[in-house]
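K.L.:
Here it is: the structure, laid out below.
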Amino acid sequence: MADVLSGQIDMTFIDVGTGMPQFKAGKLKALVVASDKRSPLIPDVPTFAEAGLGAFALDAWFVVVAPARTPPDVINKIGRHVSEIVAEPEAAARLRAISIEPEPMAPDQIRAFIKAEKEKWAMLVKAAGIDPE
Amino acid sequence: MSLTRRTALASLALASTGLGARAQSWPAKPLTIVVPYTAGSATDTLTRIIAERLSPRLGQPVIVDNKAGANGSIAGGIVARAPADGYTLMMATAATHAGNPNLMKAVPYDSLADFAPTGFCGSIPFTLAVRTDSGISTVADFVARAKGGQAFADLRGRHAVGAGHLHDARPTHRYRTRACAL
């Protein structure tokens, strides 16, 4: 983002949360949102599909994790608290204020989600011909 | 460990907490949530929102510890090697647990094998952005400006892989057209 602000490059791909301060300051402009639906934070910006670029969704996401082999009862307790917290209206409002859309996810689905996301990125990196740095 | 010592420790554990000692005694001290980015980042703010609500629920302080660096990979390495005792947690992100392992050669953790996910918090969509004074107001403008006119398809490939410095586009650069259907 620093490079696009300084004019070193012309376009960057950033999450809405990181970009919002720059969008609000009028320094950066979002052209298109990589999601199935528009972001309520930048409602005037079209999705990839609306812009005629084909369906494309890529999100920044957040999961509280523990080291592997942490006792399952502890994992379950933390998970239940975290899920309840992000569902609290007041906490959810604070998350939305920093561009994060709170989302419930069943605990047993999270690992599969992370695995699928990792595979998606692997495919993108391969398709784009990027050499890992 | 001698049999006597082992027996003594086992007796002590049973005497003090009974069966299911771990579940009942946890948490017995402050927890730490490691944030892979700097204070003030969205990830940091999210973690603090969670931590200040987790603390009264657990009856223990929940400390937010910023360990920024290497696009979050430093924090990942720290937590992967932390004791698996329920006192060290991490706010994992798409970058640390899906992007970095594919975009970086030396990531000091396995994002699946080294971690146990607990709770999902939420998500933020990515966006393509340009400088407001760049004269570019649509993706079509950007493409029109790009030499060779082949950046378009690549926007769905190279520049859609999002993490930090890797999704930069230079209109003067000629890209090969690649299909990248998701």
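Identifiers in the structure tokens: chain A, B, ... in order shown; residue index from 1 per chain; ligand index from 1 in order shown.
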I need the residues in range 106-135 of chain B that are strand (DSSP E) according to DSSP; give them as a ChimeraX atom specification.
P.N.:
/B:115-131
K.L.:
Please, could you write that set of residues out with C-alpha atoms as a JSON list (two decimals), in the first residue's frame?
P.N.:
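Final file, again_20.json:
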[["chain", "number", "residue", "atom", "x", "y", "z"],
["B", 115, "PHE", "CA", -2.41, -25.30, 15.15],
["B", 116, "ALA", "CA", -5.80, -26.14, 16.60],
["B", 117, "PRO", "CA", -8.52, -23.70, 15.48],
["B", 118, "THR", "CA", -10.88, -22.55, 18.23],
["B", 119, "GLY", "CA", -13.35, -19.86, 17.14],
["B", 120, "PHE", "CA", -14.00, -18.06, 13.83],
["B", 121, "CYS", "CA", -14.35, -14.29, 14.16],
["B", 122, "GLY", "CA", -15.26, -12.86, 10.76],
["B", 123, "SER", "CA", -13.96, -11.66, 7.42],
["B", 124, "ILE", "CA", -13.23, -8.64, 5.23],
["B", 125, "PRO", "CA", -13.37, -8.68, 1.43],
["B", 126, "PHE", "CA", -10.36, -7.64, -0.63],
["B", 127, "THR", "CA", -10.52, -4.74, -3.07],
["B", 128, "LEU", "CA", -8.47, -3.44, -5.96],
["B", 129, "ALA", "CA", -7.38, 0.11, -5.21],
["B", 130, "VAL", "CA", -5.54, 2.92, -6.97],
["B", 131, "ARG", "CA", -4.40, 6.40, -5.97]]
K.L.:
Find the spatial neighbours of Val82 in chain A, counting only C-alpha atoms, within a cut-off of 10 Å - ignore same-chain residues fewer than 4 positions away - and output them as an MDAnalysis selection string.
P.N.:
(chainID A and resid 63:64 76:78 86:87 104) or (chainID B and resid 50:51 53:54 118:121)
K.L.:
Hey, what's within 7 Å of range 17-20 of chain A if we count only C-alpha atoms and toss same-chain stuff fewer than 6 positions away? As a list in words, please?
P.N.:
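Near range 17-20 of chain A, the qualifying residues are Ile98 and Ser99 of chain A; Ala42 and Ile124 of chain B.
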K.L.:
Next, the residues of the selection above should be written as a tab-separated table (two decimals), in the first residue's frame with all heavy atoms.
P.N.:
chain	number	residue	atom	x	y	z
A	98	ILE	N	-14.68	-1.62	12.16
A	98	ILE	CA	-13.34	-1.77	11.59
A	98	ILE	C	-13.38	-2.70	10.37
A	98	ILE	O	-12.41	-3.37	10.04
A	98	ILE	CB	-12.32	-2.30	12.64
A	98	ILE	CG1	-12.80	-3.61	13.27
A	98	ILE	CG2	-12.04	-1.25	13.69
A	98	ILE	CD1	-11.72	-4.32	14.06
A	99	SER	N	-14.55	-2.72	9.73
A	99	SER	CA	-14.74	-3.39	8.43
A	99	SER	C	-14.87	-4.90	8.50
A	99	SER	O	-14.94	-5.56	7.47
A	99	SER	CB	-13.61	-3.05	7.45
A	99	SER	OG	-13.35	-1.68	7.44
B	42	ALA	N	-6.13	-3.63	11.88
B	42	ALA	CA	-7.47	-4.18	12.06
B	42	ALA	C	-7.40	-5.48	12.87
B	42	ALA	O	-8.23	-5.73	13.74
B	42	ALA	CB	-8.12	-4.43	10.70
B	124	ILE	N	-13.21	-9.92	5.96
B	124	ILE	CA	-13.23	-8.64	5.23
B	124	ILE	C	-12.91	-8.93	3.77
B	124	ILE	O	-11.93	-9.62	3.50
B	124	ILE	CB	-12.12	-7.67	5.72
B	124	ILE	CG1	-12.13	-7.52	7.24
B	124	ILE	CG2	-12.23	-6.32	5.04
B	124	ILE	CD1	-11.00	-6.61	7.74
K.L.:
Per DSSP on the backbone, filter chain A down to the residues in helix (DSSP H, G or I) and report them as a VMD selection string.
P.N.:
chain A and resid 2 to 5 16 to 24 72 to 87 89 to 97 107 to 128
K.L.:
Between CA of Pro67 in chain A and CA of Val107 in chain B, what distance in Å does the model show, to one decimal?
P.N.:
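CA of Val107 in chain B lies at a distance of 15.7 Å from CA of Pro67 in chain A.
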K.L.:
Please provide as a PyMOL selection string all residues within 12 Å of Arg38 in chain A, with the sequence filter that same-chain residues fewer than 3 positions apart are discarded (counting only C-alpha atoms).
P.N.:
(chain A and resi 16+30-35+41-51+57) or (chain B and resi 124-127)
K.L.:
Between B:Ala140, B:Ala98, B:Leu112, B:Ile78, which has the minimum distance to chain A (counting only C-alpha atoms)?
P.N.:
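Selected residue with least distance to chain A: B:Ala98.
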K.L.:
For chain A, which residue out of B:Thr96, B:Ser137, B:Thr38, B:Gln60 is the nearest one, using only C-alpha atoms?
P.N.:
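Checking each of B:Thr96, B:Ser137, B:Thr38, B:Gln60 against chain A, counting only C-alpha atoms, the winner is B:Ser137.
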K.L.:
Between CA of Phe56 in chain A and CA of Ala128 in chain A, what is the spacing in Å?
P.N.:
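For CA of Ala128 in chain A relative to CA of Phe56 in chain A, the distance reads 14.7 Å.
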K.L.:
Record the distance separating CA of Asn66 in chain B and CA of Asp44 in chain B, expressed in Å with one decimal.
P.N.:
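Atom-to-atom, CA of Asn66 in chain B to CA of Asp44 in chain B, that is 7.6 Å.
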K.L.:
Show which residues sit within 9 Å of Gly26 in chain A, as a list in words. Count only C-alpha atoms, and ignore same-chain residues fewer than 3 positions away.
P.N.:
Pro21, Gln22, Phe23 and Lys29 of chain A; Arg131 and Thr132 of chain B
K.L.:
So which one's closest to chain A, B:Ala144, B:Ala106, B:Leu89, B:Val62? Using only C-alpha atoms, please.
P.N.:
B:Leu89
